[in-house]
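Student: I am sharing my_file_0.cif, which consists of mmCIF, C-alpha atoms:
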data_run
loop_
_atom_site.label_atom_id
_atom_site.label_comp_id
_atom_site.auth_asym_id
_atom_site.auth_seq_id
_atom_site.Cartn_x
_atom_site.Cartn_y
_atom_site.Cartn_z
CA MET A 232 -119.43 -80.07 -57.62
CA ASP A 233 -116.96 -78.77 -55.03
CA PRO A 234 -117.10 -75.05 -54.04
CA ILE A 235 -113.90 -74.10 -55.89
CA ASN A 236 -115.04 -75.60 -59.19
CA ALA A 237 -118.50 -74.13 -58.66
CA ARG A 238 -117.01 -70.66 -58.37
CA ARG A 239 -114.92 -71.24 -61.48
CA TRP A 240 -118.03 -72.29 -63.39
CA THR A 241 -120.39 -69.58 -62.19
CA GLY A 242 -117.85 -66.79 -61.77
CA ASP A 243 -117.78 -64.19 -59.02
CA ALA A 244 -121.36 -63.14 -58.17
CA SER A 245 -120.17 -59.53 -57.88
CA GLU A 246 -119.57 -59.55 -61.65
CA HIS A 247 -123.15 -60.52 -62.50
CA GLY A 248 -126.35 -58.60 -63.11
CA ALA A 249 -127.21 -55.37 -61.36
CA GLU A 250 -124.71 -56.04 -58.58
CA GLY A 251 -121.87 -56.35 -61.09
CA GLU A 252 -122.94 -53.14 -62.80
CA ARG A 253 -123.09 -51.28 -59.49
CA ARG A 254 -119.69 -52.55 -58.34
CA GLN A 255 -117.72 -52.47 -61.59
CA ASP A 256 -119.40 -50.35 -64.26
CA ALA A 257 -119.98 -47.11 -62.38
CA ARG A 258 -116.30 -46.18 -62.26
CA VAL A 259 -113.45 -46.00 -64.78
CA GLY A 260 -110.23 -45.55 -62.88
CA GLY A 261 -110.81 -42.53 -60.67
CA LEU A 262 -113.75 -41.27 -62.73
CA GLU A 263 -117.19 -41.81 -61.21
CA LEU A 264 -119.65 -42.22 -64.07
CA THR A 265 -122.62 -41.52 -61.82
CA HIS A 266 -121.24 -38.15 -60.72
CA TRP A 267 -122.29 -35.33 -63.06
CA ARG A 268 -120.13 -32.23 -63.00
CA THR A 269 -122.01 -29.99 -65.43
CA LEU A 270 -125.44 -28.38 -65.31
CA VAL A 271 -126.52 -30.30 -68.41
CA GLY A 272 -125.32 -33.56 -66.87
CA ARG A 273 -127.07 -32.93 -63.57
CA THR A 274 -130.27 -32.07 -65.43
CA LEU A 275 -130.01 -35.32 -67.40
CA ALA A 276 -129.43 -37.27 -64.19
CA ARG A 277 -132.45 -35.70 -62.49
CA GLY A 278 -134.61 -36.39 -65.54
CA GLY A 279 -133.40 -39.97 -65.69
CA ALA A 280 -134.03 -40.43 -61.98
CA TRP A 281 -137.57 -39.09 -62.37
CA ILE A 282 -138.26 -41.55 -65.19
CA GLY A 283 -136.52 -44.39 -63.38
CA ASP A 284 -138.59 -43.87 -60.23
CA ARG A 285 -141.71 -44.47 -62.29
CA VAL A 286 -140.76 -47.12 -64.85
CA GLY A 287 -137.46 -48.64 -63.71
CA PRO A 288 -133.78 -48.42 -64.77
CA TYR A 289 -134.03 -50.34 -68.05
CA ALA A 290 -137.05 -48.38 -69.20
CA ALA A 291 -135.17 -45.18 -68.34
CA LEU A 292 -132.25 -46.43 -70.46
CA LEU A 293 -134.51 -47.20 -73.42
CA ILE A 294 -136.30 -43.84 -73.18
CA THR A 295 -132.97 -42.00 -72.99
CA LEU A 296 -131.74 -43.91 -76.04
CA ALA A 297 -134.94 -43.07 -77.93
CA ILE A 298 -134.45 -39.38 -77.16
CA GLY A 299 -130.83 -39.74 -78.26
CA ALA A 300 -131.94 -41.36 -81.52
CA ALA A 301 -134.17 -38.37 -82.23
CA ILE A 302 -131.24 -36.05 -81.54
CA ILE A 303 -128.93 -38.04 -83.79
CA ALA A 304 -131.49 -38.02 -86.59
CA GLY A 305 -131.47 -34.24 -86.33
CA LEU A 306 -127.67 -34.22 -86.36
CA THR A 307 -127.73 -36.28 -89.54
CA ALA A 308 -129.99 -33.72 -91.18
CA LEU A 309 -127.58 -31.03 -89.96
CA ALA A 310 -124.71 -32.96 -91.53
CA VAL A 311 -126.51 -32.66 -94.84
CA GLY A 312 -126.39 -28.88 -94.48
CA VAL A 313 -122.68 -29.05 -93.67
CA TYR A 314 -122.19 -31.24 -96.72
CA ASP A 315 -123.81 -28.60 -98.92
CA ALA A 316 -121.46 -26.00 -97.44
CA VAL A 317 -118.27 -27.93 -98.14
CA THR A 318 -118.84 -29.61 -101.46
CA ASP A 319 -117.95 -26.75 -103.74
CA GLU A 320 -114.43 -26.78 -105.13
CA ASP A 321 -113.13 -24.28 -102.58
CA GLY A 322 -114.43 -26.25 -99.60
CA VAL A 323 -113.22 -29.35 -97.76
CA ALA A 324 -114.42 -31.56 -100.60
CA GLY A 325 -111.83 -29.89 -102.80
CA VAL A 326 -109.43 -32.53 -101.49
CA ASP A 327 -111.65 -35.45 -102.51
CA ARG A 328 -110.65 -35.77 -106.16
CA PRO A 329 -106.95 -34.91 -105.68
CA LEU A 330 -106.65 -37.46 -102.87
CA LEU A 331 -108.25 -40.21 -104.97
CA ASP A 332 -105.95 -39.35 -107.86
CA ALA A 333 -102.96 -39.73 -105.54
CA ILE A 334 -104.24 -43.10 -104.30
CA LEU A 335 -104.58 -44.37 -107.88
CA THR A 336 -100.84 -43.95 -108.33
CA VAL A 337 -99.94 -46.23 -105.40
CA ARG A 338 -102.49 -49.04 -105.71
CA ASN A 339 -101.32 -52.59 -106.39
CA PRO A 340 -103.22 -55.91 -106.64
CA SER A 341 -101.85 -57.36 -103.40
CA ALA A 342 -102.78 -54.32 -101.33
CA ASP A 343 -106.16 -54.12 -103.07
CA ALA A 344 -107.01 -57.71 -102.10
CA LEU A 345 -105.79 -57.30 -98.52
CA ILE A 346 -107.66 -54.05 -97.92
CA THR A 347 -110.83 -55.39 -99.56
CA GLY A 348 -110.80 -58.33 -97.15
CA PHE A 349 -110.27 -56.01 -94.21
CA THR A 350 -113.03 -53.57 -95.14
CA ASP A 351 -115.48 -56.45 -95.53
CA LEU A 352 -115.17 -56.95 -91.76
CA ALA A 353 -117.01 -53.65 -91.36
CA GLY A 354 -119.62 -54.51 -94.00
CA THR A 355 -123.15 -55.88 -93.93
CA VAL A 356 -121.99 -59.33 -92.82
CA GLY A 357 -118.82 -58.77 -90.82
CA MET A 358 -119.93 -55.95 -88.52
CA PRO A 359 -123.29 -57.55 -87.55
CA ALA A 360 -121.38 -60.76 -86.80
CA ILE A 361 -118.97 -58.86 -84.55
CA ALA A 362 -121.89 -57.12 -82.83
CA ILE A 363 -123.86 -60.33 -82.25
CA LEU A 364 -120.84 -62.25 -80.96
CA SER A 365 -119.91 -59.39 -78.64
CA LEU A 366 -123.38 -58.96 -77.18
CA LEU A 367 -123.77 -62.71 -76.65
CA VAL A 368 -120.43 -63.10 -74.88
CA LEU A 369 -120.78 -59.95 -72.78
CA SER A 370 -124.42 -60.46 -71.81
CA LEU A 371 -123.92 -64.13 -70.87
CA ARG A 372 -120.67 -63.47 -69.03
CA ARG A 373 -122.19 -60.57 -67.06
CA ARG A 374 -125.72 -62.05 -66.85
CA SER A 375 -127.16 -58.71 -67.87
CA TRP A 376 -129.28 -57.31 -70.68
CA THR A 377 -127.32 -54.07 -70.69
CA PRO A 378 -124.70 -55.12 -73.30
CA VAL A 379 -127.53 -56.31 -75.57
CA VAL A 380 -129.38 -53.00 -75.30
CA LEU A 381 -126.29 -50.87 -75.85
CA ILE A 382 -124.85 -52.84 -78.78
CA VAL A 383 -128.23 -53.15 -80.52
CA ALA A 384 -128.76 -49.41 -80.03
CA ALA A 385 -125.32 -48.70 -81.54
CA GLY A 386 -126.10 -50.77 -84.63
CA ALA A 387 -129.68 -49.56 -85.06
CA GLY A 388 -128.74 -45.91 -84.62
CA SER A 389 -125.86 -46.12 -87.08
CA LEU A 390 -128.18 -47.77 -89.61
CA LEU A 391 -130.77 -45.03 -89.09
CA MET A 392 -128.20 -42.30 -89.70
CA THR A 393 -126.86 -44.05 -92.78
CA VAL A 394 -130.32 -44.44 -94.30
CA ILE A 395 -131.29 -40.84 -93.54
CA GLY A 396 -128.04 -39.39 -94.85
CA LYS A 397 -127.95 -41.42 -98.05
CA GLY A 398 -131.64 -40.81 -98.70
CA ILE A 399 -131.45 -37.04 -98.33
CA VAL A 400 -128.10 -36.37 -100.01
CA GLY A 401 -127.96 -39.03 -102.71
CA ARG A 402 -124.31 -38.23 -103.45
CA ASP A 403 -122.63 -40.24 -106.21
CA ARG A 404 -119.73 -42.46 -105.26
CA PRO A 405 -116.37 -42.11 -107.01
CA PRO A 406 -116.49 -43.36 -110.63
CA LEU A 407 -116.44 -47.15 -110.96
CA ALA A 408 -113.37 -46.82 -113.17
CA ASP A 409 -111.50 -45.51 -110.12
CA ALA A 410 -112.85 -48.12 -107.67
CA VAL A 411 -111.65 -51.59 -106.69
CA PRO A 412 -114.28 -54.32 -107.18
CA PRO A 413 -116.66 -55.50 -105.86
CA TYR A 414 -118.40 -52.25 -106.73
CA GLU A 415 -121.01 -50.51 -104.61
CA VAL A 416 -123.81 -48.46 -106.13
CA SER A 417 -125.72 -47.02 -103.17
CA ALA A 418 -125.41 -43.35 -102.30
CA SER A 419 -122.00 -42.29 -101.00
CA PHE A 420 -122.73 -39.87 -98.16
CA PRO A 421 -122.16 -40.75 -95.35
CA SER A 422 -119.92 -43.82 -95.22
CA GLY A 423 -122.01 -46.54 -93.56
CA HIS A 424 -118.97 -48.78 -93.00
CA THR A 425 -117.22 -46.00 -91.09
CA LEU A 426 -120.30 -45.01 -89.11
CA ASN A 427 -121.04 -48.61 -88.10
CA ALA A 428 -117.44 -49.30 -87.14
CA VAL A 429 -117.20 -46.23 -84.89
CA ALA A 430 -120.53 -46.89 -83.15
CA ILE A 431 -120.27 -50.66 -82.72
CA LEU A 432 -116.55 -51.08 -82.06
CA GLY A 433 -116.71 -48.00 -79.85
CA ILE A 434 -119.48 -49.35 -77.60
CA VAL A 435 -117.84 -52.79 -77.38
CA ALA A 436 -114.57 -51.11 -76.36
CA TYR A 437 -116.46 -49.03 -73.78
CA LEU A 438 -118.08 -52.12 -72.26
CA LEU A 439 -114.71 -53.87 -72.08
CA ILE A 440 -113.01 -50.84 -70.53
CA LEU A 441 -115.61 -50.72 -67.74
CA ARG A 442 -114.40 -54.07 -66.39
CA ARG A 443 -110.64 -53.45 -66.69
CA SER A 444 -108.84 -52.44 -63.50
CA SER A 445 -105.54 -51.77 -65.28
CA ALA A 446 -105.06 -48.33 -66.78
CA LEU A 447 -102.75 -49.83 -69.42
CA ALA A 448 -105.44 -52.34 -70.45
CA ARG A 449 -108.00 -49.55 -70.78
CA VAL A 450 -105.65 -47.47 -72.92
CA LEU A 451 -104.80 -50.43 -75.15
CA ILE A 452 -108.48 -51.28 -75.69
CA ALA A 453 -109.31 -47.67 -76.56
CA LEU A 454 -106.29 -47.43 -78.85
CA ALA A 455 -107.22 -50.66 -80.63
CA ALA A 456 -110.75 -49.36 -81.25
CA VAL A 457 -109.46 -46.03 -82.61
CA VAL A 458 -106.90 -47.71 -84.89
CA ALA A 459 -109.50 -50.18 -86.20
CA THR A 460 -112.10 -47.50 -86.97
CA VAL A 461 -109.56 -45.20 -88.62
CA ALA A 462 -108.33 -48.13 -90.70
CA VAL A 463 -111.89 -48.88 -91.83
CA ALA A 464 -112.41 -45.25 -92.82
CA LEU A 465 -109.14 -45.07 -94.76
CA SER A 466 -109.84 -48.38 -96.49
CA ARG A 467 -113.06 -46.97 -97.94
CA VAL A 468 -111.18 -44.06 -99.49
CA TYR A 469 -108.31 -46.24 -100.70
CA LEU A 470 -110.70 -48.60 -102.51
CA GLY A 471 -112.50 -45.72 -104.21
CA HIS A 472 -115.80 -46.67 -102.55
CA HIS A 473 -116.18 -43.30 -100.81
CA TRP A 474 -114.88 -39.77 -100.97
CA LEU A 475 -112.85 -38.49 -98.03
CA THR A 476 -115.70 -36.22 -96.90
CA ASP A 477 -118.04 -39.23 -96.79
CA VAL A 478 -115.86 -41.01 -94.24
CA MET A 479 -115.27 -37.79 -92.29
CA ALA A 480 -119.04 -37.37 -91.92
CA GLY A 481 -119.46 -41.03 -91.01
CA TYR A 482 -116.79 -40.77 -88.33
CA ALA A 483 -118.28 -37.60 -86.84
CA LEU A 484 -121.82 -38.99 -86.77
CA GLY A 485 -120.66 -42.33 -85.35
CA ALA A 486 -118.72 -40.57 -82.59
CA ALA A 487 -121.74 -38.40 -81.75
CA TRP A 488 -124.03 -41.42 -81.50
CA LEU A 489 -121.46 -43.30 -79.40
CA ALA A 490 -121.26 -40.34 -77.00
CA LEU A 491 -125.06 -40.30 -76.67
CA ILE A 492 -125.19 -44.04 -75.96
CA ILE A 493 -122.52 -43.73 -73.27
CA THR A 494 -124.42 -40.80 -71.76
CA ALA A 495 -127.62 -42.89 -71.72
CA HIS A 496 -125.73 -45.68 -69.98
CA ARG A 497 -124.43 -43.27 -67.37
CA VAL A 498 -128.01 -42.10 -66.74
CA TYR A 499 -129.02 -45.76 -66.33
CA LEU A 500 -126.21 -46.38 -63.83
CA THR A 501 -127.22 -43.25 -61.91
CA VAL A 502 -130.85 -44.41 -61.75
CA ARG A 503 -129.83 -47.87 -60.55
CA GLU A 504 -127.46 -46.47 -57.91
CA ARG A 505 -130.22 -44.16 -56.65
CA ARG A 506 -132.78 -46.98 -56.43
CA GLU A 507 -130.40 -49.39 -54.70
CA GLY A 508 -129.36 -46.65 -52.26
CA ARG A 509 -133.00 -46.22 -51.30
CA MET A 510 -133.42 -49.96 -50.81
CA ARG A 511 -130.44 -50.08 -48.43
CA GLU A 512 -131.60 -47.12 -46.28
CA PRO A 513 -134.42 -48.94 -44.42
CA ALA A 514 -132.10 -51.88 -43.69
CA ALA A 515 -129.46 -49.51 -42.33
CA ALA A 516 -132.05 -47.81 -40.15
#
Any chance you could put this one into structure tokens?
Tutor:
Amino acid sequence: MDPINARRWTGDASEHGAEGERRQDARVGGLELTHWRTLVGRTLARGGAWIGDRVGPYAALLITLAIGAAIIAGLTALAVGVYDAVTDEDGVAGVDRPLLDAILTVRNPSADALITGFTDLAGTVGMPAIAILSLLVLSLRRRSWTPVVLIVAAGAGSLLMTVIGKGIVGRDRPPLADAVPPYEVSASFPSGHTLNAVAILGIVAYLLILRRSSALARVLIALAAVVATVAVALSRVYLGHHWLTDVMAGYALGAAWLALIITAHRVYLTVRERREGRMREPAAA
């Protein structure tokens, strides 16, 4: 195989593995992801560096994600307390029934079928398929386990929060008479479809943004992820499968978990940059 075709087949080596992460993933535009500007951030970076020095960058990433999962489990329990505070008729949930009543007046069979098909993309078959396809393509293209770890963490964490929230609250869904089939009978709070969409589509968008040099491309990817997740949330309310407050909680929890995953990835990048800097020092000397 001639050198040109070989490069086309294998890709630029600077895009692959740890070298690709160091060159391309540590910066978004003018923002250095390995530079921490707050006391909390610097403390996290030092803690991650301490762990990374002893067990390596990937182990530091996994440990950070495990700590984040514990935090997010606590946030889910906190969300239950917030739910209790807003579900009386004078609280935020006072809009739940009136909003569903308004939706019932505008439903039609064509829209019902279209929106049902769309929301299935964020369900128990569609969203795992999107996650698996994304992690396969990204990990193989970049020759790195990092996309696998981050996307699996997004899905596992969102599932954990959904199970905890539904198990503790046990809120009833809207009446079946007001819902569009196929009906769902599990607990309503929080919306698992919404939570999964925010966490999984959010981390896939983040991974794509890291390798885009164009500011316009980064904005369009972020905008597409936001529009898609908002559409999933609204579809759940339109179909009568969730109350508005269910999807609001799902969105908030998904965004919190996404932020923790991105923070863990930044710690990982910081650890790797620190280790590689040390390896280059003797050579430079």
Student: Would you work out the distance separating atom CA of Leu465 of chain A from atom CA of Ala308 of chain A, expressed in Å to one decimal?
Tutor: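 Straight-line distance from atom CA of Leu465 of chain A to atom CA of Ala308 of chain A works out to 24.0 Å.
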Student: Using 8 Å of padding on each side, determine the axis-aligned box around all atoms of segment 393-409 of chain A present in the file and give its centre and edge lengths in Å to one decimal, as AutoDock Vina command-line options.
Tutor:
--center_x -121.6 --center_y -41.8 --center_z -103.0 --size_x 36.1 --size_y 26.8 --size_z 36.4
Student: Could you tell me which residues the PyMOL selection byres ((chain A and resi 400-409) around 9) returns for this structure, as a VMD selection string?
Tutor: chain A and resid 311 314 to 315 328 331 to 332 335 395 to 399 410 to 412 414 to 421 470 to 474
Student: How many Å lie between atom CA of Gly354 of chain A and atom CA of Thr476 of chain A, rounded to one decimal?
Tutor: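 The value is 18.9 Å.
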Student: Find the residues of segment 421-512 of chain A that sit at most 7 Å from segment 262-274 of chain A; for each, write down the nearest two atoms and how far apart they are in Å, to one decimal. Count only C-alpha atoms. Sort by chain, then by number going up, and give it as CSV.
Tutor:
residue,atom,partner,partner_atom,distance
A:Arg497,CA,A:Leu264,CA,5.9
A:Leu500,CA,A:Thr265,CA,6.4
A:Thr501,CA,A:Thr265,CA,4.9
Student: So which one's closest to Asn339 of chain A, A:Ile382, A:Tyr469, A:Leu275, A:Leu475? Using all atoms listed in the file, please.
Tutor: A:Tyr469
Student: Neighbouring residues of Gly261 of chain A were defined as those with any atom within 12 Å, considering all atoms listed in the file; residues of the same chain fewer than 6 positions away were excluded. Please report them as a list in words.
Tutor: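 With the cut-off at 12 Å, the set is Leu441, Ser444, Ser445 and Ala446 of chain A.
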Student: Specify as a count of residues only each residue included when the PyMOL selection byres ((chain A and resi 438) around 12) is applied to this file.
Tutor: 39
Student: Identify, on the basis of all atoms listed in the file, every residue whose closest approach to Pro288 of chain A does not exceed 9 Å; exclude the query and any residue fewer than 5 positions from it along the same chain; express the result as a list in words.
Tutor: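 So the residues in contact are Gly279, Ala280, Ile282, Gly283, Leu293, Val498, Tyr499, Leu500, Thr501, Val502, Arg503 and Arg506 of chain A.
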Student: Only C-alpha atoms, please: the residues just picked out, written as a compact mmCIF listing (two decimals), in the frame of the given file.
Tutor:
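Final output, saved to part_9.txt:
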# COMPACT_ATOMS: atom_id res chain seq x y z
CA GLY A 279 -133.40 -39.97 -65.69
CA ALA A 280 -134.03 -40.43 -61.98
CA ILE A 282 -138.26 -41.55 -65.19
CA GLY A 283 -136.52 -44.39 -63.38
CA LEU A 293 -134.51 -47.20 -73.42
CA VAL A 498 -128.01 -42.10 -66.74
CA TYR A 499 -129.02 -45.76 -66.33
CA LEU A 500 -126.21 -46.38 -63.83
CA THR A 501 -127.22 -43.25 -61.91
CA VAL A 502 -130.85 -44.41 -61.75
CA ARG A 503 -129.83 -47.87 -60.55
CA ARG A 506 -132.78 -46.98 -56.43
Student: List as number ranges by chain the residues having at least one atom at most 12 Å from position (-108.6, -53.9, -97.2) as given in the file, counting only C-alpha atoms.
Tutor: A: 338-354, 411-413, 459, 462-472
Student: Which is closer to Thr295 of chain A than all the others in A:Ala384, A:Leu330, A:Met358, A:Val429, using all atoms listed in the file?
Tutor: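 Closest candidate: A:Ala384.
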Student: Using only C-alpha atoms, can you tell me which of A:Ala385, A:Ala362, A:Ala448, A:Ala455 comes closest to Gly299 of chain A?
Tutor: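 Of the candidates, the smallest distance to Gly299 of chain A is held by A:Ala385.
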